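Content type compact mmCIF, C-alpha atoms, from the file query01.txt:
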```txt
# COMPACT_ATOMS: atom_id res chain seq x y z
CA MET A 1 -22.33 13.32 -9.83
CA GLY A 2 -19.81 12.57 -12.56
CA ALA A 3 -17.51 10.79 -10.12
CA SER A 4 -20.41 8.72 -8.81
CA VAL A 5 -21.33 7.69 -12.31
CA ALA A 6 -17.71 6.74 -12.93
CA LEU A 7 -17.68 4.71 -9.72
CA ASP A 8 -20.75 2.81 -10.72
CA CYS A 9 -19.32 2.18 -14.16
CA ASP A 10 -16.00 0.80 -12.89
CA ALA A 11 -17.61 -1.22 -10.12
CA GLU A 12 -20.12 -2.59 -12.59
CA LEU A 13 -17.35 -3.62 -14.93
CA MET A 14 -15.44 -5.29 -12.11
CA LEU A 15 -18.56 -7.17 -11.04
CA ARG A 16 -18.84 -8.45 -14.58
CA VAL A 17 -15.23 -9.55 -14.39
CA LYS A 18 -16.22 -11.38 -11.23
CA ASP A 19 -18.87 -13.18 -13.26
CA GLY A 20 -16.25 -14.24 -15.78
CA ASP A 21 -16.56 -11.48 -18.35
CA GLY A 22 -13.07 -11.08 -19.79
CA ALA A 23 -14.14 -8.21 -22.03
CA SER A 24 -14.95 -6.09 -18.99
CA PHE A 25 -11.47 -6.71 -17.63
CA ALA A 26 -10.07 -5.55 -20.96
CA LEU A 27 -12.11 -2.36 -20.68
CA LEU A 28 -10.78 -1.64 -17.20
CA LEU A 29 -7.28 -2.37 -18.40
CA GLU A 30 -7.70 0.00 -21.31
CA LYS A 31 -9.03 2.71 -19.03
CA TYR A 32 -6.42 2.52 -16.28
CA ARG A 33 -3.34 1.00 -17.87
CA ALA A 34 -1.62 4.31 -18.55
CA SER A 35 -2.49 5.98 -15.27
CA VAL A 36 -1.27 3.00 -13.25
CA VAL A 37 1.95 2.69 -15.23
CA HIS A 38 2.61 6.43 -15.01
CA PHE A 39 1.88 6.52 -11.30
CA LEU A 40 4.28 3.65 -10.72
CA TYR A 41 6.88 5.23 -12.97
CA ARG A 42 6.76 8.46 -10.97
CA MET A 43 7.02 6.42 -7.78
CA VAL A 44 9.90 4.10 -8.66
CA GLN A 45 11.33 6.14 -11.56
CA GLU A 46 12.44 3.07 -13.53
CA PRO A 47 10.45 2.41 -16.72
CA ALA A 48 10.91 -1.36 -16.86
CA VAL A 49 10.13 -1.81 -13.19
CA SER A 50 7.07 0.42 -13.43
CA GLU A 51 5.59 -1.76 -16.16
CA GLU A 52 6.37 -4.96 -14.29
CA LEU A 53 4.72 -3.60 -11.17
CA ALA A 54 1.75 -2.36 -13.19
CA GLN A 55 1.30 -5.83 -14.61
CA GLU A 56 1.40 -7.23 -11.10
CA VAL A 57 -1.34 -4.75 -10.15
CA PHE A 58 -3.67 -5.93 -12.88
CA LEU A 59 -2.75 -9.53 -12.27
CA ARG A 60 -3.82 -9.14 -8.65
CA VAL A 61 -7.00 -7.39 -9.71
CA TYR A 62 -7.81 -10.32 -11.98
CA ARG A 63 -6.92 -12.96 -9.42
CA SER A 64 -9.03 -11.23 -6.78
CA ARG A 65 -12.06 -10.95 -9.03
CA GLU A 66 -14.05 -13.68 -7.30
CA ALA A 67 -13.76 -12.00 -3.93
CA TYR A 68 -14.38 -8.48 -5.23
CA GLU A 69 -16.94 -6.40 -3.38
CA PRO A 70 -17.58 -2.75 -4.36
CA THR A 71 -17.10 -1.38 -0.85
CA ALA A 72 -15.00 1.51 -2.13
CA LYS A 73 -14.22 3.19 -5.41
CA PHE A 74 -12.54 0.91 -7.89
CA THR A 75 -9.70 3.40 -8.27
CA THR A 76 -9.16 3.39 -4.51
CA TRP A 77 -8.68 -0.37 -4.58
CA LEU A 78 -6.58 -0.22 -7.74
CA PHE A 79 -4.19 2.41 -6.42
CA ARG A 80 -4.02 0.80 -3.02
CA ILE A 81 -2.57 -2.26 -4.72
CA ALA A 82 -0.27 -0.09 -6.85
CA THR A 83 0.95 1.96 -3.89
CA HIS A 84 1.52 -1.13 -1.80
CA LEU A 85 3.64 -2.71 -4.53
CA ALA A 86 5.57 0.49 -5.15
CA LEU A 87 6.33 1.06 -1.46
CA ASN A 88 7.50 -2.54 -1.12
CA TRP A 89 9.74 -2.23 -4.15
CA LEU A 90 11.21 1.05 -2.91
CA ARG A 91 11.87 -0.46 0.50
CA ASP A 92 13.63 -3.45 -1.04
CA ALA A 93 15.54 -1.33 -3.54
CA LYS A 94 16.87 0.96 -0.83
CA LYS A 95 18.74 -1.92 0.62
CA GLU A 96 20.59 -2.40 -2.64
CA ARG A 97 21.11 1.00 -4.12
CA SER A 98 22.83 4.02 -2.62
CA GLN A 99 20.98 7.32 -2.27
CA GLU A 100 21.70 9.62 -5.19
CA ARG A 101 23.45 12.79 -4.25
CA LEU A 102 21.77 15.92 -5.42
CA ASP A 103 24.83 17.08 -7.32
CA ASP A 104 25.53 13.82 -9.08
CA VAL A 105 24.97 13.85 -12.79
CA GLU A 106 23.05 10.75 -13.75
CA GLU A 107 24.26 8.74 -16.69
CA GLY A 108 22.21 9.74 -19.68
CA ALA A 109 20.99 12.94 -18.07
CA PRO A 110 20.86 16.01 -20.28
CA VAL A 111 24.02 18.09 -20.32
CA ARG A 112 23.59 21.30 -18.38
CA GLU A 113 24.74 23.58 -21.12
CA ILE A 114 22.88 25.89 -23.38
CA ALA A 115 23.81 24.94 -26.91
CA ASP A 116 24.32 27.67 -29.47
CA ARG A 117 21.46 26.51 -31.67
CA ALA A 118 17.98 27.47 -32.71
CA PRO A 119 15.66 28.57 -29.86
CA SER A 120 13.40 25.53 -30.18
CA VAL A 121 16.26 23.14 -29.44
CA GLU A 122 17.43 25.33 -26.60
CA GLN A 123 13.96 25.43 -25.15
CA LYS A 124 13.83 21.69 -25.43
CA LEU A 125 17.06 21.32 -23.49
CA VAL A 126 15.89 23.75 -20.83
CA ARG A 127 12.71 21.81 -20.47
CA GLN A 128 14.63 18.55 -20.16
CA VAL A 129 16.66 20.07 -17.36
CA GLN A 130 13.53 21.27 -15.61
CA VAL A 131 11.89 17.86 -15.92
CA GLU A 132 15.02 16.28 -14.52
CA GLU A 133 14.90 18.64 -11.55
CA VAL A 134 11.26 17.80 -10.93
CA ARG A 135 12.05 14.12 -11.15
CA ARG A 136 14.86 14.46 -8.61
CA ALA A 137 12.74 16.56 -6.31
CA ILE A 138 10.01 13.93 -6.29
CA ALA A 139 12.58 11.15 -5.85
CA ALA A 140 13.99 12.95 -2.82
CA LEU A 141 10.63 12.91 -1.02
CA PRO A 142 9.97 10.20 1.56
CA ASP A 143 8.04 7.33 0.01
CA LYS A 144 4.64 8.04 1.56
CA GLN A 145 4.88 11.77 0.87
CA ARG A 146 5.75 10.92 -2.70
CA ALA A 147 2.78 8.61 -3.07
CA ALA A 148 0.45 11.21 -1.56
CA VAL A 149 1.69 13.96 -3.89
CA LEU A 150 1.45 11.77 -6.97
CA MET A 151 -2.08 10.70 -6.16
CA HIS A 152 -3.11 14.24 -5.27
CA LYS A 153 -1.53 15.88 -8.31
CA TYR A 154 -1.70 13.36 -11.13
CA GLN A 155 -4.62 11.13 -10.13
CA GLU A 156 -6.59 14.11 -8.77
CA MET A 157 -7.65 12.17 -5.71
CA ASP A 158 -9.11 13.98 -2.74
CA TYR A 159 -7.84 13.65 0.82
CA SER A 160 -10.43 11.05 1.71
CA GLN A 161 -9.53 8.74 -1.15
CA ILE A 162 -5.79 9.12 -0.60
CA ALA A 163 -6.36 8.27 3.06
CA LYS A 164 -8.12 5.05 2.08
CA VAL A 165 -5.33 4.12 -0.29
CA LEU A 166 -2.65 4.75 2.33
CA SER A 167 -4.75 3.31 5.14
CA CYS A 168 -4.41 6.39 7.28
CA SER A 169 -6.52 9.33 8.42
CA GLU A 170 -7.35 12.39 6.36
CA SER A 171 -5.40 14.56 8.75
CA ALA A 172 -2.38 12.33 8.22
CA VAL A 173 -2.77 12.73 4.46
CA LYS A 174 -2.96 16.51 4.79
CA SER A 175 0.16 16.44 6.90
CA LEU A 176 1.96 14.34 4.30
CA LEU A 177 0.91 16.68 1.50
CA PHE A 178 1.74 19.88 3.33
CA ARG A 179 5.24 18.69 4.17
CA ALA A 180 5.79 17.34 0.67
CA TYR A 181 4.63 20.48 -1.09
CA GLU A 182 6.63 22.64 1.28
CA THR A 183 9.75 20.70 0.33
CA LEU A 184 8.91 21.02 -3.34
CA ARG A 185 8.25 24.75 -3.05
CA VAL A 186 11.69 25.29 -1.61
CA ARG A 187 13.37 22.95 -4.08
CA LEU A 188 11.64 24.26 -7.19
CA ALA A 189 11.37 27.94 -6.25
CA HIS A 190 13.94 28.93 -8.91
CA MET A 191 11.63 27.62 -11.61
CA ALA A 192 9.16 30.45 -11.12
CA MET B 1 -4.03 25.63 4.66
CA ASP B 2 -5.86 22.84 2.84
CA TRP B 3 -8.13 25.48 1.31
CA LEU B 4 -5.08 27.19 -0.14
CA LEU B 5 -3.80 23.88 -1.44
CA ASP B 6 -7.13 23.02 -3.00
CA TYR B 7 -7.36 26.51 -4.43
CA CYS B 8 -3.96 26.14 -6.10
CA ALA B 9 -5.04 22.73 -7.43
CA GLY B 10 -8.22 24.23 -8.82
CA ARG B 11 -10.44 22.00 -6.74
CA LEU B 12 -12.31 24.49 -4.63
CA ASP B 13 -15.91 25.22 -5.38
CA ARG B 14 -16.73 28.67 -6.68
CA ASP B 15 -17.80 30.18 -3.38
CA ARG B 16 -14.78 29.03 -1.44
CA ALA B 17 -12.44 29.98 -4.28
CA ALA B 18 -13.84 33.50 -4.18
CA LEU B 19 -13.23 33.66 -0.43
CA VAL B 20 -9.63 32.55 -0.86
CA GLU B 21 -9.02 35.04 -3.64
CA ARG B 22 -10.30 37.92 -1.51
CA HIS B 23 -8.11 36.75 1.38
CA VAL B 24 -5.00 36.42 -0.77
CA GLU B 25 -5.43 40.00 -1.93
CA THR B 26 -4.90 41.18 1.64
CA CYS B 27 -2.53 38.53 3.09
CA ALA B 28 1.07 38.64 1.88
CA ASP B 29 1.99 35.26 3.34
CA CYS B 30 -0.88 33.49 1.66
CA ALA B 31 -0.16 35.34 -1.56
CA ARG B 32 3.45 34.06 -1.49
CA PHE B 33 2.17 30.56 -0.73
CA VAL B 34 -0.19 30.63 -3.70
CA GLU B 35 2.51 31.94 -6.01
CA SER B 36 5.11 29.36 -4.99
CA GLN B 37 2.59 26.53 -5.03
CA ALA B 38 1.56 27.56 -8.54
CA THR B 39 5.24 27.27 -9.54
CA VAL B 40 5.35 23.74 -8.14
CA TRP B 41 2.11 22.84 -9.88
CA HIS B 42 3.36 24.11 -13.20
CA ALA B 43 6.67 22.29 -12.77
CA LEU B 44 4.89 19.03 -11.99
CA ASP B 45 2.82 19.49 -15.14
CA GLN B 46 6.02 19.37 -17.19
CA TRP B 47 6.80 15.83 -16.08
CA GLU B 48 5.20 13.57 -18.64
CA PRO B 49 6.14 9.89 -18.59
CA GLU B 50 6.79 7.89 -21.71
CA ALA B 51 4.08 5.89 -23.40
CA VAL B 52 3.28 2.41 -22.17
CA SER B 53 4.92 -0.42 -24.12
CA ARG B 54 2.88 -1.76 -27.00
CA ASP B 55 3.18 -5.35 -25.79
CA PHE B 56 2.05 -4.53 -22.25
CA ASP B 57 -1.32 -6.25 -22.63
CA ARG B 58 0.15 -9.29 -24.34
CA ARG B 59 2.66 -9.80 -21.54
CA LEU B 60 -0.04 -9.29 -18.94
CA TYR B 61 -2.37 -11.88 -20.42
CA ARG B 62 0.49 -14.33 -20.65
CA ARG B 63 1.15 -13.83 -16.95
CA ILE B 64 -2.55 -14.31 -16.25
CA ASP B 65 -2.53 -17.59 -18.16
CA GLN B 66 0.58 -18.78 -16.35
CA ALA B 67 -0.87 -17.80 -13.00
CA GLN B 68 -3.89 -20.09 -13.34
CA PRO B 69 -5.05 -22.12 -11.48
CA SER B 70 -4.77 -20.13 -8.33
CA SER B 71 -5.68 -22.96 -5.98
CA TRP B 72 -3.02 -24.20 -3.59
CA LEU B 73 -3.26 -27.64 -5.10
CA GLY B 74 -2.62 -26.21 -8.53
CA ARG B 75 0.36 -24.25 -7.26
CA ILE B 76 1.87 -27.40 -5.81
CA PHE B 77 1.49 -29.40 -8.99
CA ARG B 78 2.25 -26.59 -11.42
CA PRO B 79 5.99 -27.38 -11.59
CA LEU B 80 5.07 -30.91 -12.59
CA GLN B 81 2.72 -29.71 -15.27
CA PRO B 82 5.13 -30.30 -18.17
CA LEU B 83 5.42 -33.92 -17.05
CA TRP B 84 1.69 -34.51 -16.99
CA ARG B 85 1.24 -34.05 -20.68
CA PRO B 86 2.95 -37.23 -21.85
CA VAL B 87 2.07 -39.18 -18.70
CA VAL B 88 -1.68 -38.80 -18.93
CA PRO B 89 -2.17 -40.21 -22.41
CA VAL B 90 0.41 -42.93 -21.82
CA THR B 91 -1.31 -43.95 -18.61
CA ALA B 92 -4.66 -43.93 -20.33
CA ALA B 93 -3.28 -46.14 -23.10
CA CYS B 94 -1.81 -48.56 -20.58
CA LEU B 95 -5.11 -48.77 -18.75
CA LEU B 96 -6.92 -49.47 -21.99
CA ILE B 97 -4.48 -52.21 -22.89
CA LEU B 98 -4.73 -53.71 -19.42
CA ALA B 99 -8.49 -53.56 -19.52
CA SER B 100 -8.59 -55.30 -22.86
CA VAL B 101 -6.23 -58.01 -21.62
CA VAL B 102 -8.30 -58.57 -18.52
CA LEU B 103 -11.58 -58.58 -20.39
CA HIS B 104 -10.39 -61.02 -23.03
CA SER B 105 -8.63 -63.43 -20.68
CA PRO B 106 -10.38 -66.74 -19.91
CA HIS B 107 -10.70 -65.83 -16.30
CA ALA B 108 -12.44 -62.58 -17.09
CA SER B 109 -15.69 -64.17 -18.10
CA VAL B 110 -16.95 -64.99 -14.70
CA THR B 111 -20.36 -64.71 -13.34
CA LEU B 112 -21.30 -63.01 -10.16
CA SER B 113 -21.90 -66.26 -8.38
CA ASP B 114 -18.44 -67.56 -9.34
CA THR B 115 -16.87 -64.41 -7.98
CA GLN B 116 -18.84 -64.70 -4.79
CA ALA B 117 -17.85 -68.33 -4.37
CA ARG B 118 -14.19 -67.49 -4.79
CA ILE B 119 -14.47 -64.70 -2.24
CA GLU B 120 -16.07 -67.06 0.27
CA LYS B 121 -13.44 -69.69 -0.38
CA ALA B 122 -10.69 -67.11 0.04
CA GLU B 123 -12.16 -65.97 3.32
CA ALA B 124 -12.31 -69.54 4.60
CA GLU B 125 -8.73 -70.15 3.58
CA GLN B 126 -7.71 -66.95 5.27
CA VAL B 127 -9.40 -67.95 8.52
CA GLU B 128 -7.73 -71.35 8.37
CA ARG B 129 -4.34 -69.78 7.80
CA THR B 130 -4.88 -67.40 10.66
CA LEU B 131 -5.74 -70.28 12.99
CA ASP B 132 -2.63 -72.14 11.85
CA ASP B 133 -0.54 -69.06 12.50
CA MET B 134 -1.97 -68.68 15.97
CA GLN B 135 -1.25 -72.30 16.79
CA MET B 136 2.27 -71.92 15.50
CA LEU B 137 2.77 -68.86 17.63
CA GLN B 138 1.62 -70.73 20.69
CA GLU B 139 4.04 -73.53 19.97
CA MET B 140 6.84 -71.11 19.35
CA THR B 141 6.20 -68.98 22.42
CA PRO B 142 9.26 -69.67 24.52
CA ALA B 143 9.02 -70.89 28.08
CA PRO B 144 10.39 -68.51 30.67
CA GLN B 145 13.71 -70.42 30.79
CA GLN B 146 13.95 -70.29 27.03
CA GLU B 147 13.67 -66.53 26.72
CA GLY B 148 16.23 -65.04 24.37
CA GLN B 149 15.74 -67.57 21.61
CA SER B 150 14.63 -65.87 18.35
CA THR B 151 11.16 -66.66 17.09
CA LYS B 152 10.44 -67.46 13.53
CA SER B 153 9.53 -64.35 11.63
CA MET B 154 6.06 -64.09 10.25
```
Show me the file's structure as structure tokens.
Amino acid sequence: MGASVALDCDAELMLRVKDGDGASFALLLEKYRASVVHFLYRMVQEPAVSEELAQEVFLRVYRSREAYEPTAKFTTWLFRIATHLALNWLRDAKKERSQERLDDVEEGAPVREIADRAPSVEQKLVRQVQVEEVRRAIAALPDKQRAAVLMHKYQEMDYSQIAKVLSCSESAVKSLLFRAYETLRVRLAHMA
Amino acid sequence: MDWLLDYCAGRLDRDRAALVERHVETCADCARFVESQATVWHALDQWEPEAVSRDFDRRLYRRIDQAQPSSWLGRIFRPLQPLWRPVVPVTAACLLILASVVLHSPHASVTLSDTQARIEKAEAEQVERTLDDMQMLQEMTPAPQQEGQSTKSM
């Protein structure tokens, strides 16, 4: 019931944008700016690129306003655009960058040493290392598995909605998620 | 398997969650799955991105402004847009000056009948010229033995 109300609210706002209401677009932007940027950041893992792509997402939403029809959830449409842009960027970037090796220490990455300091600082360093490991584990996933996991975990989308975003079947989404989570369980098992 | 995944994500309804819990109590494999998936879930929770830039909206609206119009005609002429600004007022000024010159010239104050008379006269002259040209062409058309000689250009 709550999700349906949210759907109506977002679709209603977008229909107002279609009618030329700029304030409604600002409301949608305020509501989804962070989630879109964070989703794209977790996908491409480059802060500047994630914001550029996020802007492209909202730009396309705005430019498509006249043709908008609420045939699906607004978030489905929004994240379909975001996923499409992210997958395209990843595909293009793979041609230019080399795959990171698991053992490479990234420039700027936290030093893997436990400093002889107060526990709070040590805990902070440990946490940074853990976050870095999670980041690498996600980065190592195939692009579509990554997108499925990020939508499932952080956007709390169900299989049906993820399937619509990725333009595939629900069973395909489940397969993507099962394989992705299996990889992550193996990779992050030591963090138990 | 998707029930287990949904259970670990906290998205199962109460009845199904209870079923899974009872099953996990008796199935070692599923219990290990739930435990390891909970580790993954907790690890993913630790990954918090940085805040969005403060000027995100400003940059977005600037891009929106630059992107308009979205018509194909607008996209073609958009690169020329900086040139239009001085051209349009200059052209308008020239047209105004020209219009004032035309309106104030002696020949501008003509009546409709005068204009009509000139048009008829011009048409008659044009017909006469055309007939002259045709006659000249006939005279200039070379005889078969004279082929190869250049004709006068029109």
Checklist line | chain A residues near chain B (6 Å cut-off, only C-alpha atoms) as a count of residues only | finding: 4
Check: Between A:Met14, A:Leu29, A:Ile81, A:Phe39, which one has atoms that come closest to Tyr68 in chain A, using only C-alpha atoms?
Finding: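 Looking at the shortest contact to Tyr68 in chain A, the residue is A:Met14.
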Note to self: Excluding range 154-171 of chain A and its own-chain neighbours fewer than 3 positions away, which residues fall within 7 Å of it when counting only C-alpha atoms? Please give them as a ChimeraX atom specification.
What the structure shows: /A:76,79-80,148,150-151,174-175
Checklist line | Shell around Leu176 in chain A at 9 Å using all atoms listed in the file, local window under 2 positions removed, as number ranges by chain | finding: A: 144-146, 148-149, 171-174, 178-181
Those same residues - C-alpha atoms - I'd like them written as an mmCIF file, in the coordinates of the input.
```cif
data_model
loop_
_atom_site.group_PDB
_atom_site.id
_atom_site.type_symbol
_atom_site.label_atom_id
_atom_site.label_comp_id
_atom_site.auth_asym_id
_atom_site.auth_seq_id
_atom_site.Cartn_x
_atom_site.Cartn_y
_atom_site.Cartn_z
ATOM 1 C CA LYS A 144 4.640 8.040 1.560
ATOM 2 C CA GLN A 145 4.880 11.770 0.870
ATOM 3 C CA ARG A 146 5.750 10.920 -2.700
ATOM 4 C CA ALA A 148 0.450 11.210 -1.560
ATOM 5 C CA VAL A 149 1.690 13.960 -3.890
ATOM 6 C CA SER A 171 -5.400 14.560 8.750
ATOM 7 C CA ALA A 172 -2.380 12.330 8.220
ATOM 8 C CA VAL A 173 -2.770 12.730 4.460
ATOM 9 C CA LYS A 174 -2.960 16.510 4.790
ATOM 10 C CA PHE A 178 1.740 19.880 3.330
ATOM 11 C CA ARG A 179 5.240 18.690 4.170
ATOM 12 C CA ALA A 180 5.790 17.340 0.670
ATOM 13 C CA TYR A 181 4.630 20.480 -1.090
#
```
Can you tell me, as a tab-separated table (two decimals) with C-alpha atoms, in the frame of the given file, what residues are no more than 10 Å from Leu78 in chain A when counting all atoms listed in the file, ignoring any on the same chain fewer than 6 positions away?
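What landed in result.tsv:
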```
chain	number	residue	atom	x	y	z
A	32	TYR	CA	-6.42	2.52	-16.28
A	36	VAL	CA	-1.27	3.00	-13.25
A	57	VAL	CA	-1.34	-4.75	-10.15
A	58	PHE	CA	-3.67	-5.93	-12.88
A	60	ARG	CA	-3.82	-9.14	-8.65
A	61	VAL	CA	-7.00	-7.39	-9.71
A	165	VAL	CA	-5.33	4.12	-0.29
```
Next item on the list: List the residues sitting within 7 Å of (5.2, -1.4, -9.3) in the file's frame, using all atoms listed in the file, as a list in words.
Entry: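 Neighbouring residues, ordered by chain and number, come to Leu40, Val49, Ser50, Glu51, Glu52, Leu53, Ala54, Ala82, Leu85, Ala86 and Trp89 of chain A.
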